[in-house]
Amino acid sequence: MSVMVARKKVVRKWEKLPGRNTFCCDGRIMMARQKGIFYLTLFLILGTCALFFAFECRYLAVQLSPAIPVFAAVLFLFAMATLLRTSFSDPGVIPRALPDEAAFIEMEIEATNGTVPQGQRPPPRIKNFQINNQIVKLKYCYTCKIFRPPRASHCSICDNCVERFDHHCPWVGNCVGKRNYRYFYLFILSLSLLTIYIFTFNIVYVALKSLKIGFLNTLKETPGSLTVLTVLEVLICFFTLWSVVGLTGFHTFLVALNQTTNEDIKGSWTGKNRVQNPYSHGNIVKNCCEVLCGPLPPSVLDRRGILQQEESTAQEGSCSRGPGTQEPLATQGPGQAQEAHSVLSLQVPAPSVSNTEMPEEKQRTPGELPVPSLDAGRAEH
Amino acid sequence: LCPQVHSLQELRRSASLATKVFVQRDYSDGTTCQFQTKFPPELESRIERQLFEETVKTLNGFYAEAEKIGGSSYLEGCLACATAYFIFLCMETHYEKVLKKISKYIQDQNEKIYAPRGLLLTDPLERGWHISPMILSRAQIEISIYEDRCSSGSSSSGSSSSSSGGGGGG
């Protein structure tokens with residue numbers, strides 16, 4: 001028996017979301033767990049631009065035109081805005097199946113395939129669907145316990161199924177999927193333009209100065225540190241150019257054909273034995289418009305919704321289930337209909353955790369229903 | 001109106017104790033959000049097929065409207081891009097506007113059609129759009145709410161056991 005001390009605490013849904021994401025600003029920001037390379041990206045962009053604005057721009061604005069730093073600033077702000085938007089937004093994560101749904105799907109699968117004896121891994125569960133007169137197979141995700149919609153894929157780094165999964169980008173610190181692909185594309189596009197711009201004007205800067213006072217004198221006159229900085233900028237821009245511009249070109253190709261990196265790598269639509277891409281409109285302009293300017297569905301994760309639960313300070317007797325405990329929690333959505341016992345299931349080790357146990361547990365603690373729409377209490381055995 | 005609202009709350013509160021029927025996605029048109037109009041057999045005795053199909057068809061229509069690719073959505077996309085997407089801090093996207101319409105419609109349908117039959121339709125938005133659960137209440141709850149106007153006469157006398165005490169009185 002454990003002693004329950006009821007204490008109300010406002011917990012938001014993001015705190016209990018499964019998957020390996022990090023959340024900041026109380027759920028407003030969503031990123032992958034490893035953010036080191038993202039910080040490097042930020043550092044490189046901010047550092048190079050800071051150097052450019054501080055040194056070259058002052059000379060060039062006077063000598064050539066003040067429009068130069070202005071345009072650079074616009075590009076820089078646009079690149080930063082799209083980078084942050086890509087990194088911080090929900091890429092289109094599909095929420096995991098709640099126990100009732102998972103049970104329903106399991107039932108359906110067993111009805112079609114028959115039960116598999118314990119210990120044997122069941123064959124991959126695939127359902128066939130027809131899209132535009134072509135058969136597309138839907139795969140069942142064992143982790144999320146759902147049939148993945150077409151074009152969705154499971155990201156092993158973030159441990160989530162993502163709609164229209166493109167790839168997981170460590171430079172951006174997030175998955176690139178349906179909801180943030182356009183921001184990602186605009187980011188690499190604007191970054192390419194910015195890199196070319198800075199690279200060009202660095203060369204122009206050195207050239208101008210050399211014209212005036214000769215190349216060798218330029219190197220002598222400008223203090224050693226300035227030369228080093230300029231050279232550093234040029235080097236960074238040079239290497240960035242080859243990678244980012246190439247990537248932009250590749251993604252332009254993908255956008256024109258309405259494909260994802262994932263599909264391209266797997267060769268889903270190429271080869272004579274495979275079907276044609278059913279999502280392409282056949283027209284480059286139409287494809288571009290759909291991918292970049294099409295409608296944007298909002299996030300379904302509802303990270304900032306409030307989960308109200310009564311916290312107990314006692315040790316759980318049910319800890320034997322391990323970290324993947326199922327907790328009955330009451331959800332209060334923002335004015336929408338919410339189930340009274342919406343259970344967020346974390347990865348449960350044994351797939352045969354009986355959901356039918358839940359109603360009985362609640363009956364055992366009828367006294368724990370203080371307020372009509374709140375019904376909480378940890379599962380006790 | 002009051003008894004109906006009360007019943008809707010009752011249904012929601014006891015939703016997990018009830019049977020659930022799932023309306024699945026229809027992927028025949030690609031990745032657009034559409035639901036199958038196939039009539040679930042569990043609802044056979046609860047609601048007329050035509051009403052259910054009409055609900056799903058209307059919902060499908062709403063989702064098609066939200067995901068429509070046309071002049072206005074392009075304009076919105078280009079405008080947003082030009083402002084580096086800062087405009088979404090003050091403006092709602094077309095999709096969000098349609099989603100609001102959808103939730104209002106679902107609320108409306110629940111009050112008028114589904115709750116009186118002891119059913120509850122939940123918004124697919126809550127489940128990530130890949131499924132839309134319809135919740136069948138326990139017959140028990142139907143009786144306790146509709147004591148004074150049980151004209152439906154559904155044969156629910158069997159489940160008179162007091163096992164699910166949580167839902168009824170609160």
# chains A, B, ... in the order shown; residues from 1 in each chain; ligands from 1
$ residues_around --residues "Lys178 in chain A" --least-positions-apart "5" --cutoff "9 Å" --atoms "only C-alpha atoms" --output "PyMOL selection string"
chain A and resi 91-93+152+162-166+291+296-297
$ residues_around --residues "range 62-64 of chain B" --least-positions-apart "4" --cutoff "12 Å" --atoms "only C-alpha atoms" --output "MDAnalysis selection string"
(chainID A and resid 295 297) or (chainID B and resid 25 29:35 55:58 68:70 94:106 124:125 129)
$ residues_around --residues "range 170-177 of chain A" --least-positions-apart "4" --cutoff "8 Å" --atoms "only C-alpha atoms" --output "list in words"
Met31, Ala32, Arg33, Gln34, Lys35, Gly36, Ile37, Phe38, Leu40, Thr41, Leu83, Thr86, Ser87, Phe88, Pro91, Gly92, Cys155, Cys158, Val162, Glu163, Arg164, Phe165, Asp166, Tyr181 and Phe184 of chain A
$ residues_around --residues "range 275-281 of chain A" --least-positions-apart "3" --cutoff "12 Å" --atoms "only C-alpha atoms" --output "JSON, numbers by chain"
{"A": [130, 131, 132, 133, 134, 135, 136, 137, 150, 151, 164, 254, 255, 256, 257, 258, 259, 260, 263, 264, 267, 268, 269, 270, 271, 272, 284, 285, 286, 287, 288, 289, 290, 291], "B": [28, 29, 30, 31, 32, 69]}
$ residues_around --residues "range 50-67 of chain A" --least-positions-apart "6" --cutoff "8 Å" --atoms "only C-alpha atoms" --output "list in words"
Ile198, Phe201, Asn202, Tyr205, Leu226, Leu229 and Glu233 of chain A
$ write_last_selection --atoms "N, CA, C and O atoms" --output "PDB file, in the first residue's frame"
ATOM      1  N   ILE A 198      28.326  37.152 -49.749  1.00  0.00           N
ATOM      2  CA  ILE A 198      29.464  37.507 -48.893  1.00  0.00           C
ATOM      3  C   ILE A 198      30.770  37.148 -49.581  1.00  0.00           C
ATOM      4  O   ILE A 198      31.741  37.916 -49.572  1.00  0.00           O
ATOM      5  N   PHE A 201      31.487  39.723 -52.313  1.00  0.00           N
ATOM      6  CA  PHE A 201      31.886  41.041 -51.843  1.00  0.00           C
ATOM      7  C   PHE A 201      33.189  41.038 -51.071  1.00  0.00           C
ATOM      8  O   PHE A 201      33.859  42.062 -50.981  1.00  0.00           O
ATOM      9  N   ASN A 202      33.538  39.895 -50.536  1.00  0.00           N
ATOM     10  CA  ASN A 202      34.880  39.795 -49.951  1.00  0.00           C
ATOM     11  C   ASN A 202      35.933  39.931 -51.045  1.00  0.00           C
ATOM     12  O   ASN A 202      36.949  40.614 -50.884  1.00  0.00           O
ATOM     13  N   TYR A 205      36.049  43.439 -52.179  1.00  0.00           N
ATOM     14  CA  TYR A 205      36.741  44.244 -51.167  1.00  0.00           C
ATOM     15  C   TYR A 205      38.244  44.169 -51.360  1.00  0.00           C
ATOM     16  O   TYR A 205      38.935  45.190 -51.410  1.00  0.00           O
ATOM     17  N   LEU A 226      42.843  41.857 -39.630  1.00  0.00           N
ATOM     18  CA  LEU A 226      41.785  42.048 -40.621  1.00  0.00           C
ATOM     19  C   LEU A 226      41.986  41.120 -41.810  1.00  0.00           C
ATOM     20  O   LEU A 226      41.046  40.572 -42.353  1.00  0.00           O
ATOM     21  N   LEU A 229      40.912  37.761 -40.917  1.00  0.00           N
ATOM     22  CA  LEU A 229      39.452  37.632 -40.865  1.00  0.00           C
ATOM     23  C   LEU A 229      38.864  37.511 -42.256  1.00  0.00           C
ATOM     24  O   LEU A 229      37.964  36.695 -42.495  1.00  0.00           O
ATOM     25  N   GLU A 233      36.757  34.422 -43.660  1.00  0.00           N
ATOM     26  CA  GLU A 233      35.420  34.516 -44.248  1.00  0.00           C
ATOM     27  C   GLU A 233      35.378  33.861 -45.618  1.00  0.00           C
ATOM     28  O   GLU A 233      34.439  33.141 -45.947  1.00  0.00           O
TER      29      GLU A 233
END
$ atom_distance --atom1 "CA of Gly294 in chain A" --atom2 "CA of Tyr85 in chain B"
13.7 Å
$ closest_residue --among "B:Glu67, B:Glu92, B:Glu48, B:Glu111" --to "chain A" --atoms "only C-alpha atoms"
B:Glu67
$ select_by_dssp --residues "range 18-120 of chain B" --states "strand (DSSP E or B)" --output "list in words"
Thr19, Lys20, Val21, Phe22, Val23, Gln24, Arg25, Phe35, Leu119 and Leu120 of chain B
$ atom_distance --atom1 "CA of Asn110 in chain B" --atom2 "CA of Phe52 in chain B"
11.4 Å
